[in-house]
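A.B. asks: For reference, the file final.cif (mmCIF, C-alpha atoms) is included below:
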data_query
loop_
_atom_site.group_PDB
_atom_site.id
_atom_site.type_symbol
_atom_site.label_atom_id
_atom_site.label_comp_id
_atom_site.auth_asym_id
_atom_site.auth_seq_id
_atom_site.Cartn_x
_atom_site.Cartn_y
_atom_site.Cartn_z
ATOM 1 C CA MET A 1 68.968 108.142 63.581
ATOM 2 C CA ILE A 2 65.988 110.080 64.926
ATOM 3 C CA MET A 3 65.732 113.720 63.976
ATOM 4 C CA LEU A 4 63.758 115.703 66.533
ATOM 5 C CA LYS A 5 62.128 119.017 65.723
ATOM 6 C CA LEU A 6 62.419 121.814 68.231
ATOM 7 C CA ALA A 7 59.396 123.999 68.836
ATOM 8 C CA HIS A 8 60.419 127.609 69.301
ATOM 9 C CA GLN A 9 56.906 128.969 69.696
ATOM 10 C CA ASN A 10 56.425 130.803 73.009
ATOM 11 C CA GLN A 11 59.835 129.603 74.222
ATOM 12 C CA PRO A 12 62.985 131.648 74.797
ATOM 13 C CA LYS A 13 65.609 131.001 72.128
ATOM 14 C CA GLU A 14 68.155 129.725 74.680
ATOM 15 C CA ASN A 15 65.760 127.126 76.130
ATOM 16 C CA PRO A 16 63.850 125.372 73.320
ATOM 17 C CA ILE A 17 61.473 122.524 74.160
ATOM 18 C CA MET A 18 61.523 119.415 71.958
ATOM 19 C CA GLU A 19 58.307 118.771 70.035
ATOM 20 C CA ILE A 20 56.803 115.444 71.026
ATOM 21 C CA ASP A 21 53.937 114.181 68.895
ATOM 22 C CA LYS A 22 52.305 110.891 67.904
ATOM 23 C CA ALA A 23 54.805 110.354 65.084
ATOM 24 C CA LEU A 24 57.730 110.558 67.525
ATOM 25 C CA VAL A 25 56.021 108.197 69.980
ATOM 26 C CA GLN A 26 55.388 105.747 67.118
ATOM 27 C CA ARG A 27 59.026 105.921 66.039
ATOM 28 C CA LEU A 28 60.316 105.420 69.585
ATOM 29 C CA ALA A 29 57.950 102.470 70.080
ATOM 30 C CA GLN A 30 59.125 100.936 66.818
ATOM 31 C CA LEU A 31 62.803 101.322 67.739
ATOM 32 C CA SER A 32 62.290 99.917 71.229
ATOM 33 C CA LYS A 33 59.950 97.142 70.035
ATOM 34 C CA LEU A 34 57.133 98.328 72.324
ATOM 35 C CA GLU A 35 53.450 97.931 71.630
ATOM 36 C CA TYR A 36 50.803 100.357 72.823
ATOM 37 C CA ASP A 37 47.228 101.177 71.978
ATOM 38 C CA GLU A 38 46.001 104.477 70.574
ATOM 39 C CA LYS A 39 44.491 105.510 73.932
ATOM 40 C CA SER A 40 47.937 105.270 75.533
ATOM 41 C CA SER A 41 49.469 107.548 72.930
ATOM 42 C CA GLU A 42 48.333 110.797 74.604
ATOM 43 C CA LYS A 43 49.531 109.562 78.013
ATOM 44 C CA LEU A 44 52.924 108.651 76.533
ATOM 45 C CA ILE A 45 53.226 112.095 74.951
ATOM 46 C CA GLU A 46 52.466 113.798 78.273
ATOM 47 C CA ASP A 47 54.905 111.524 80.142
ATOM 48 C CA LEU A 48 57.700 112.236 77.663
ATOM 49 C CA LYS A 49 57.045 115.986 77.908
ATOM 50 C CA ARG A 50 57.291 115.814 81.715
ATOM 51 C CA ILE A 51 60.547 113.852 81.456
ATOM 52 C CA LEU A 52 62.023 116.444 79.101
ATOM 53 C CA MET A 53 60.890 119.307 81.351
ATOM 54 C CA PHE A 54 62.663 117.560 84.234
ATOM 55 C CA PHE A 55 65.905 117.407 82.217
ATOM 56 C CA GLU A 56 65.496 121.035 81.197
ATOM 57 C CA LYS A 57 65.247 121.907 84.896
ATOM 58 C CA ILE A 58 68.410 119.915 85.604
ATOM 59 C CA ASN A 59 70.182 121.762 82.765
ATOM 60 C CA GLU A 60 69.556 125.037 84.621
ATOM 61 C CA LEU A 61 71.853 123.955 87.459
ATOM 62 C CA PRO A 62 75.342 125.475 87.531
ATOM 63 C CA THR A 63 77.747 122.606 86.823
ATOM 64 C CA GLU A 64 80.925 124.464 85.903
ATOM 65 C CA GLY A 65 83.850 122.860 87.704
ATOM 66 C CA VAL A 66 81.835 119.895 88.959
ATOM 67 C CA GLN A 67 83.627 116.620 88.344
ATOM 68 C CA PRO A 68 81.591 113.759 86.846
ATOM 69 C CA LEU A 69 80.272 111.313 89.416
ATOM 70 C CA VAL A 70 81.835 107.867 89.183
ATOM 71 C CA TYR A 71 80.699 106.363 92.486
ATOM 72 C CA MET A 72 77.568 107.145 94.484
ATOM 73 C CA ASN A 73 79.592 107.228 97.693
ATOM 74 C CA GLU A 74 83.217 107.478 98.748
ATOM 75 C CA HIS A 75 83.640 103.720 99.171
ATOM 76 C CA LYS A 76 84.985 101.724 96.283
ATOM 77 C CA ASN A 77 84.273 98.060 95.739
ATOM 78 C CA THR A 78 86.262 95.879 98.089
ATOM 79 C CA LEU A 79 87.176 92.756 96.211
ATOM 80 C CA ARG A 80 88.355 89.532 97.780
ATOM 81 C CA GLU A 81 91.000 87.329 96.282
ATOM 82 C CA ASP A 82 89.475 84.822 93.895
ATOM 83 C CA ALA A 83 90.426 81.522 95.500
ATOM 84 C CA ILE A 84 88.911 78.085 95.038
ATOM 85 C CA LYS A 85 87.686 76.618 98.318
ATOM 86 C CA ARG A 86 85.872 73.402 99.000
ATOM 87 C CA LEU A 87 83.072 74.290 101.375
ATOM 88 C CA ASN A 88 81.230 70.983 101.808
ATOM 89 C CA THR A 89 82.136 67.452 100.941
ATOM 90 C CA LYS A 90 79.692 65.308 98.975
ATOM 91 C CA GLU A 91 78.889 63.324 102.105
ATOM 92 C CA GLU A 92 78.196 66.484 104.142
ATOM 93 C CA SER A 93 75.882 67.828 101.441
ATOM 94 C CA LEU A 94 73.989 64.530 101.184
ATOM 95 C CA ARG A 95 73.704 64.316 104.965
ATOM 96 C CA ASN A 96 72.062 67.782 105.036
ATOM 97 C CA ALA A 97 69.695 67.128 102.111
ATOM 98 C CA PRO A 98 66.015 66.508 102.970
ATOM 99 C CA LYS A 99 65.872 63.685 100.371
ATOM 100 C CA GLN A 100 68.742 61.775 98.821
ATOM 101 C CA ASP A 101 69.446 58.374 97.307
ATOM 102 C CA GLY A 102 73.001 57.866 98.515
ATOM 103 C CA ASN A 103 74.689 59.612 95.590
ATOM 104 C CA TYR A 104 72.401 62.502 94.613
ATOM 105 C CA ILE A 105 70.104 65.041 96.221
ATOM 106 C CA LEU A 106 66.488 64.341 95.199
ATOM 107 C CA VAL A 107 64.313 67.319 94.303
ATOM 108 C CA PRO A 108 60.662 67.557 93.164
ATOM 109 C CA LYS A 109 60.045 67.415 89.415
ATOM 110 C CA VAL A 110 59.260 70.874 88.035
ATOM 111 C CA ILE A 111 59.910 70.505 84.300
ATOM 112 C CA GLY A 112 57.140 69.003 82.185
ATOM 113 C CA GLN A 113 54.372 69.559 84.715
ATOM 114 C CA LYS A 114 51.320 71.658 83.943
ATOM 115 C CA GLN A 115 51.519 75.214 85.223
ATOM 116 C CA ILE A 116 48.800 76.194 87.706
ATOM 117 C CA LYS A 117 47.567 79.716 87.078
#
Go ahead and express the file in the form of structure tokens.
C.D. replies:
Amino acid sequence: MIMLKLAHQNQPKENPIMEIDKALVQRLAQLSKLEYDEKSSEKLIEDLKRILMFFEKINELPTEGVQPLVYMNEHKNTLREDAIKRLNTKEESLRNAPKQDGNYILVPKVIGQKQIK
């Protein structure tokens, strides 16, 4: 579990900002198995602070009586019945294939070839 310190300096008591420092960024990187260089550390700290400020702004919105959002729109997923259908016969598929040997569709070899970069 990560324990985060709250910085109360120059902040109203009802709206504390979380302290984000290099130690926290290191811990988050370790937990998420991310690698970064030391130069990126300051950028990550600033990005995380901006993300938290965004959530603080969202927390200012009045949400009393607002139901949680389950769907992004009024439409729910329309599901079809799961039925097995045969779309093409073997002969139809072979007839439509660019290359075939009578029983199988022939495709170019892709495994075991050198990758061109």
A.B. asks: Restricting the calculation to only C-alpha atoms: of A:Glu64, A:Tyr36, A:Leu69, A:Met18, which residue gets closest to Arg50 of chain A?
C.D. replies: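 Among the listed residues, the smallest separation from Arg50 of chain A belongs to A:Met18.
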A.B. asks: Expressed in Å to a single decimal, how great is the separation between atom CA of Phe54 of chain A and atom CA of Glu42 of chain A?
C.D. replies: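 Taking atom CA of Phe54 of chain A and atom CA of Glu42 of chain A, their separation equals 18.5 Å.
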A.B. asks: Find, counting only C-alpha atoms, the residue in A:Ala23, A:Val66, A:Lys33, A:Lys57 that gets nearest to Ile45 of chain A.
C.D. replies: A:Ala23
A.B. asks: Can you tell me how far atom CA of Leu94 of chain A sits from atom CA of Pro108 of chain A, in Å to one decimal?
C.D. replies: 15.8 Å
A.B. asks: Using the chain letters and residue numbers of this document, give as a list in words the residues selected by the PyMOL selection byres ((chain A and resi 104) around 12).
C.D. replies: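 Applying the expression gives Lys90, Glu91, Glu92, Ser93, Leu94, Arg95, Asn96, Ala97, Pro98, Lys99, Gln100, Asp101, Gly102, Asn103, Ile105, Leu106 and Val107 of chain A.
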A.B. asks: Can I get the selection written as a CSV table (one decimal), in the coordinates of the input, with C-alpha atoms?
C.D. replies:
chain,number,residue,atom,x,y,z
A,90,LYS,CA,79.7,65.3,99.0
A,91,GLU,CA,78.9,63.3,102.1
A,92,GLU,CA,78.2,66.5,104.1
A,93,SER,CA,75.9,67.8,101.4
A,94,LEU,CA,74.0,64.5,101.2
A,95,ARG,CA,73.7,64.3,105.0
A,96,ASN,CA,72.1,67.8,105.0
A,97,ALA,CA,69.7,67.1,102.1
A,98,PRO,CA,66.0,66.5,103.0
A,99,LYS,CA,65.9,63.7,100.4
A,100,GLN,CA,68.7,61.8,98.8
A,101,ASP,CA,69.4,58.4,97.3
A,102,GLY,CA,73.0,57.9,98.5
A,103,ASN,CA,74.7,59.6,95.6
A,105,ILE,CA,70.1,65.0,96.2
A,106,LEU,CA,66.5,64.3,95.2
A,107,VAL,CA,64.3,67.3,94.3
A.B. asks: Within 8 Å of (60.8, 116.3, 76.7) (file coordinates; all atoms listed in the file), which protein or nucleic acid residues are there? I'd like them as a PyMOL selection string.
C.D. replies: chain A and resi 17-20+48-55
